[in-house]
Amino acid sequence: MKSILVHPPQKSIRAEIRLAASKSECNRALIINALTGFECELSNISEARDSQTMLRLLNSNETVADVIDAGTTMRFLTAYFAVTDQTKIMTGTPRMCERPIGILVDALRVLGADIEYEKETGYPPLKLNGFAYSGQNEIVMRGDVSSQYISALLLIAPSLPSGLKINLEGEVGSKPYIEMTLNQMAHFGIEYKADWHTNTIIIPPFKYQPHPYAIESDWSGASYWYSIVALADDAEVELLGLKKDSLQGDSAIVDIMRHLGVESVFTDRGVLLTKIAPAASIGWDFTDCPDLAQTVAVCCAVKGISLSLTGIESLKIKETDRVFALQQELQKLGAKLTEVEKDHLYEVSQIPGFERKETPSIHTYDDHRMAMAFAPAGMVAPIIIEEPGVVVKSYPGYWKDLSVVTTWEEV
């Protein structure tokens, strides 16, 4: 499909949605399973392309590991293949090869990995030439760039002869993702010490113990349904498979969306979303949940709620520069994203006197979250989403699920 046109619902929304499995949880579980010798019983494996790519590459003997556009897969597999002494070429799409990986490579080299850059220093493609343990069991790395580097090292840390101590410098971003990694590791028998006052994490050497593990539904995917309920005139949606005490940082959407007009009631099956009165404005630090920023920005833009955002600098090195993408596309909805303090504070506000003269067509920049964050705007007025197939990266059934509550068509 080149583009789809999403129409506003013609009646009240009453729906039950079984969300896709969390690719964040799934990708961590897949690495741990590989480190047990594939002895774990994993259930609810994510159908997201990122996770399916991870699964395929873990079971492949091919020299070239093409992760396509999967950042987590690139980083986790680089660490896994390196410390398991495998010879691989790590590569991906042109955009994937523009996303930095130098911090992780530097850390792996300290531990004993032989890694070369095939082209530009600091970026894929990489050539992994094996591993000879250096005896080093302590590293220092930045904590403010990507938590995926940290999680990649944590996952392989127990397999190192002396374990690993990681000292994080600067502000630690996306901390819930790091805690998710540690909690999943603990499920498989790993003990750890994490001191967030000194930003140090200690993992002793230990062999992962194979245990059954059920992967939770995806809170990132849930965020789009919160936006749908917030923007629809009358809506009540139950999202199945979610837990109140989730390991996923994006469960912060529960608190964020309360300000945007959605109440959450947890049930024995998941969470029920109902409408309440929204606030006039909201300020939020997205440092720990950057993947929610696009959803919240679009929702606020459509509802006319003033939004102040911090902690979104990491969005610039995602599938696309998401800050730039939002700045371009929000204008089509009569809103703007403005940086009011350099590298710190952004605001979403209305464009004075804006009048929509035609159906907006949203460019998605080969980014799954752009497509899914903007589609709920169709609850209010028709909207065109370009290249809708990008959702396969994390939520392949998104458009099928959306058809439960409203209509859309190829254009």
# chains A, B, ... in the order shown; residues from 1 in each chain; ligands from 1
$ closest_atom_pairs --of "stretch 57-145 of chain A" --to "stretch 19-23 of chain A" --cutoff "12 Å" --atoms "only C-alpha atoms" --output "tab-separated table"
residue	atom	partner	partner_atom	distance
A:Ala70	CA	A:Lys23	CA	10.6
A:Gly71	CA	A:Lys23	CA	11.7
A:Thr72	CA	A:Lys23	CA	9.3
A:Thr73	CA	A:Lys23	CA	10.1
$ residues_around --residues "A:His344" --least-positions-apart "6" --cutoff "8 Å" --atoms "only C-alpha atoms" --output "PyMOL selection string"
chain A and resi 310-311+313
$ write_last_selection --atoms "C-alpha atoms" --output "PDB file, in the first residue's frame"
ATOM      1  CA  THR A 310      12.009  17.483  27.592  1.00  0.00           C
ATOM      2  CA  GLY A 311      14.175  14.395  27.234  1.00  0.00           C
ATOM      3  CA  GLU A 313      17.143  14.448  22.176  1.00  0.00           C
TER       4      GLU A 313
END
$ residues_around --residues "stretch 374-378 of chain A" --least-positions-apart "6" --cutoff "10 Å" --atoms "only C-alpha atoms" --output "compact mmCIF listing (two decimals) with N, CA and C atoms, in the first residue's frame"
# COMPACT_ATOMS: atom_id res chain seq x y z
N ILE A 4 -2.84 5.22 2.88
CA ILE A 4 -4.20 4.90 3.28
C ILE A 4 -4.87 6.16 3.82
N LEU A 5 -6.17 6.21 3.64
CA LEU A 5 -6.98 7.31 4.14
C LEU A 5 -7.80 6.81 5.32
N VAL A 6 -7.56 7.39 6.49
CA VAL A 6 -8.28 7.01 7.70
C VAL A 6 -9.47 7.94 7.88
N HIS A 7 -10.66 7.36 8.05
CA HIS A 7 -11.88 8.14 8.24
C HIS A 7 -12.27 8.19 9.72
N PRO A 8 -12.91 9.26 10.16
CA PRO A 8 -13.43 9.30 11.53
C PRO A 8 -14.49 8.22 11.74
N PRO A 9 -14.59 7.66 12.93
CA PRO A 9 -15.61 6.63 13.19
C PRO A 9 -17.01 7.22 13.08
N TYR A 224 -0.97 4.03 21.15
CA TYR A 224 -1.78 4.52 20.02
C TYR A 224 -3.27 4.36 20.32
N TRP A 225 -3.61 3.34 21.09
CA TRP A 225 -5.01 3.15 21.47
C TRP A 225 -5.44 4.16 22.53
N TYR A 226 -4.51 4.55 23.38
CA TYR A 226 -4.81 5.65 24.30
C TYR A 226 -5.12 6.92 23.50
N SER A 227 -4.35 7.17 22.46
CA SER A 227 -4.57 8.35 21.64
C SER A 227 -5.91 8.28 20.91
N ILE A 228 -6.26 7.08 20.43
CA ILE A 228 -7.56 6.90 19.77
C ILE A 228 -8.70 7.21 20.72
N VAL A 229 -8.62 6.71 21.94
CA VAL A 229 -9.68 6.98 22.92
C VAL A 229 -9.71 8.47 23.27
N ALA A 230 -8.55 9.09 23.41
CA ALA A 230 -8.49 10.51 23.74
C ALA A 230 -9.12 11.37 22.66
N LEU A 231 -8.97 10.98 21.39
CA LEU A 231 -9.40 11.83 20.28
C LEU A 231 -10.81 11.52 19.78
N ALA A 232 -11.29 10.30 19.98
CA ALA A 232 -12.64 9.95 19.53
C ALA A 232 -13.69 10.65 20.39
N GLN A 294 6.14 10.96 20.20
CA GLN A 294 5.38 11.25 18.98
C GLN A 294 3.88 11.11 19.20
N THR A 295 3.48 10.04 19.86
CA THR A 295 2.06 9.81 20.13
C THR A 295 1.46 10.96 20.91
N VAL A 296 2.14 11.36 21.97
CA VAL A 296 1.63 12.42 22.84
C VAL A 296 1.62 13.76 22.11
N ALA A 297 2.65 14.05 21.32
CA ALA A 297 2.72 15.31 20.59
C ALA A 297 1.56 15.44 19.61
N VAL A 298 1.27 14.36 18.87
CA VAL A 298 0.17 14.40 17.90
C VAL A 298 -1.16 14.56 18.62
N CYS A 299 -1.36 13.80 19.69
CA CYS A 299 -2.62 13.87 20.43
C CYS A 299 -2.86 15.28 20.96
N ALA A 301 -1.56 18.06 19.81
CA ALA A 301 -1.75 18.96 18.69
C ALA A 301 -3.20 18.95 18.21
N VAL A 302 -3.78 17.76 18.11
CA VAL A 302 -5.16 17.64 17.62
C VAL A 302 -6.17 18.14 18.65
N LYS A 303 -5.91 17.88 19.93
CA LYS A 303 -6.84 18.29 20.98
C LYS A 303 -6.67 19.76 21.39
N LEU A 326 8.55 15.31 13.28
CA LEU A 326 7.40 15.90 13.96
C LEU A 326 7.22 17.36 13.59
N GLU A 329 5.59 17.45 10.05
CA GLU A 329 4.25 16.89 9.85
C GLU A 329 3.19 17.52 10.75
N LEU A 330 3.56 17.98 11.95
CA LEU A 330 2.56 18.62 12.81
C LEU A 330 2.01 19.88 12.18
N LEU A 333 -1.28 19.63 10.63
CA LEU A 333 -2.44 19.54 11.53
C LEU A 333 -2.71 20.86 12.23
N ILE A 362 0.41 12.60 5.57
CA ILE A 362 1.53 12.53 6.52
C ILE A 362 2.65 11.65 5.96
N HIS A 363 3.80 12.25 5.78
CA HIS A 363 4.99 11.50 5.37
C HIS A 363 5.52 10.75 6.59
N THR A 364 5.88 9.48 6.42
CA THR A 364 6.25 8.67 7.59
C THR A 364 7.76 8.45 7.73
N ILE A 384 -4.44 11.17 5.66
CA ILE A 384 -3.74 10.21 4.80
C ILE A 384 -2.40 9.87 5.44
N ILE A 385 -2.12 8.58 5.54
CA ILE A 385 -0.83 8.10 6.05
C ILE A 385 -0.07 7.46 4.90
N PRO A 388 2.13 3.13 4.70
CA PRO A 388 1.64 2.55 5.96
C PRO A 388 2.28 1.22 6.33
N TRP A 399 -3.06 -1.95 11.31
CA TRP A 399 -4.17 -1.48 10.45
C TRP A 399 -5.37 -2.40 10.55
N LEU A 402 -7.01 -1.40 13.71
CA LEU A 402 -7.67 -0.10 13.56
C LEU A 402 -9.02 -0.24 12.86
N THR A 406 -12.78 1.89 13.15
CA THR A 406 -13.11 2.87 12.12
C THR A 406 -12.76 2.31 10.76
N THR A 407 -13.04 3.08 9.71
CA THR A 407 -12.76 2.60 8.35
C THR A 407 -11.55 3.32 7.76
N TRP A 408 -10.84 2.61 6.91
CA TRP A 408 -9.76 3.21 6.15
C TRP A 408 -9.71 2.53 4.78
$ closest_residue --among "A:Lys243, A:Pro158, A:Asn61, A:Glu358" --to "A:Thr267" --atoms "only C-alpha atoms"
A:Lys243
$ residues_around --residues "stretch 149-156 of chain A" --least-positions-apart "4" --cutoff "10 Å" --atoms "only C-alpha atoms" --output "PyMOL selection string"
chain A and resi 28-29+31-32+35+72-84+101-105+107-108+141-143+145+160+163-166+168+175+177-182+184-185+190+192+201-203+205+208
$ select_by_dssp --residues "stretch 52-257 of chain A" --states "strand (DSSP E)" --output "MDAnalysis selection string"
chainID A and resid 64:66 87:91 113:117 126:131 138:142 164:169 193:195 200:203 213:214 235:240
$ closest_residue --among "A:Ser223, A:Ser162, A:Gln10, A:Thr198" --to "A:Val405" --atoms "only C-alpha atoms"
A:Gln10
$ residues_around --residues "A:Leu111" --least-positions-apart "3" --cutoff "9 Å" --atoms "only C-alpha atoms" --output "PyMOL selection string"
chain A and resi 83+106-108+131-139+160
$ write_last_selection --atoms "C-alpha atoms" --output "tab-separated table (two decimals), in the first residue's frame"
chain	number	residue	atom	x	y	z
A	83	VAL	CA	31.45	-12.46	23.07
A	106	ASP	CA	34.58	0.68	22.20
A	107	ALA	CA	33.25	-1.17	25.26
A	108	LEU	CA	33.35	-4.56	23.52
A	131	PHE	CA	36.86	-12.68	20.96
A	132	ALA	CA	39.82	-13.15	23.27
A	133	TYR	CA	38.93	-12.12	26.83
A	134	SER	CA	41.11	-9.22	27.98
A	135	GLY	CA	40.64	-9.86	31.70
A	136	GLN	CA	39.01	-6.46	32.04
A	137	ASN	CA	35.82	-6.64	34.11
A	138	GLU	CA	35.04	-2.94	34.51
A	139	ILE	CA	34.14	-0.34	31.89
A	160	LEU	CA	32.19	-13.11	30.89
$ decode --residues "stretch 31-108 of chain A" --atoms "C-alpha atoms" --output "compact mmCIF listing (two decimals), in the first residue's frame"
# COMPACT_ATOMS: atom_id res chain seq x y z
CA ILE A 31 19.34 -13.19 23.54
CA ILE A 32 19.07 -14.78 26.99
CA ASN A 33 17.62 -17.92 25.43
CA ALA A 34 20.54 -18.09 23.00
CA LEU A 35 22.98 -17.79 25.91
CA THR A 36 21.32 -20.81 27.59
CA GLY A 37 21.86 -22.84 24.44
CA PHE A 38 18.26 -22.25 23.31
CA GLU A 39 16.85 -24.22 26.24
CA CYS A 40 14.15 -21.76 27.41
CA GLU A 41 10.45 -22.12 26.73
CA LEU A 42 9.39 -18.71 25.43
CA SER A 43 5.73 -17.93 24.74
CA ASN A 44 3.98 -15.06 22.96
CA ILE A 45 6.98 -14.39 20.69
CA SER A 46 6.58 -10.99 19.02
CA GLU A 47 5.52 -10.96 15.37
CA ALA A 48 7.27 -7.59 14.93
CA ARG A 49 9.83 -7.63 12.13
CA ASP A 50 12.56 -6.57 14.56
CA SER A 51 11.99 -9.65 16.72
CA GLN A 52 11.52 -12.01 13.79
CA THR A 53 14.80 -10.70 12.34
CA MET A 54 16.51 -11.34 15.67
CA LEU A 55 15.11 -14.87 15.78
CA ARG A 56 16.19 -15.60 12.23
CA LEU A 57 19.74 -14.30 12.69
CA LEU A 58 20.24 -16.16 15.97
CA ASN A 59 19.45 -19.37 14.13
CA SER A 60 21.51 -18.59 11.04
CA ASN A 61 25.02 -19.73 10.20
CA GLU A 62 25.44 -17.09 7.49
CA THR A 63 28.44 -14.80 7.76
CA VAL A 64 26.46 -11.63 6.98
CA ALA A 65 23.90 -10.60 9.60
CA ASP A 66 21.57 -8.05 7.99
CA VAL A 67 19.38 -6.54 10.71
CA ILE A 68 17.45 -4.40 8.16
CA ASP A 69 16.39 -1.33 10.22
CA ALA A 70 16.28 -2.89 13.71
CA GLY A 71 18.41 -0.85 16.11
CA THR A 72 17.93 -3.14 19.11
CA THR A 73 18.71 -6.16 16.98
CA MET A 74 21.91 -4.55 15.67
CA ARG A 75 23.18 -3.65 19.13
CA PHE A 76 22.17 -6.80 20.98
CA LEU A 77 23.48 -9.14 18.28
CA THR A 78 26.76 -7.23 17.94
CA ALA A 79 27.42 -7.88 21.64
CA TYR A 80 26.16 -11.47 21.48
CA PHE A 81 28.10 -12.48 18.37
CA ALA A 82 31.23 -10.74 19.68
CA VAL A 83 31.45 -12.46 23.07
CA THR A 84 30.43 -15.84 21.66
CA ASP A 85 33.50 -15.65 19.41
CA GLN A 86 31.63 -15.59 16.12
CA THR A 87 32.84 -14.15 12.83
CA LYS A 88 30.15 -11.92 11.35
CA ILE A 89 29.50 -8.90 9.18
CA MET A 90 26.88 -6.73 10.91
CA THR A 91 24.96 -4.52 8.50
CA GLY A 92 21.52 -3.10 7.74
CA THR A 93 19.64 -0.51 5.73
CA PRO A 94 21.32 2.76 4.71
CA ARG A 95 19.60 4.50 7.64
CA MET A 96 20.73 1.75 10.03
CA CYS A 97 24.30 2.36 8.86
CA GLU A 98 23.88 6.05 9.79
CA ARG A 99 22.99 5.22 13.39
CA PRO A 100 25.99 5.37 15.75
CA ILE A 101 27.36 2.27 17.46
CA GLY A 102 30.83 3.45 18.47
CA ILE A 103 30.14 3.54 22.22
CA LEU A 104 29.18 -0.14 22.20
CA VAL A 105 32.09 -1.15 19.96
CA ASP A 106 34.58 0.68 22.20
CA ALA A 107 33.25 -1.17 25.26
CA LEU A 108 33.35 -4.56 23.52
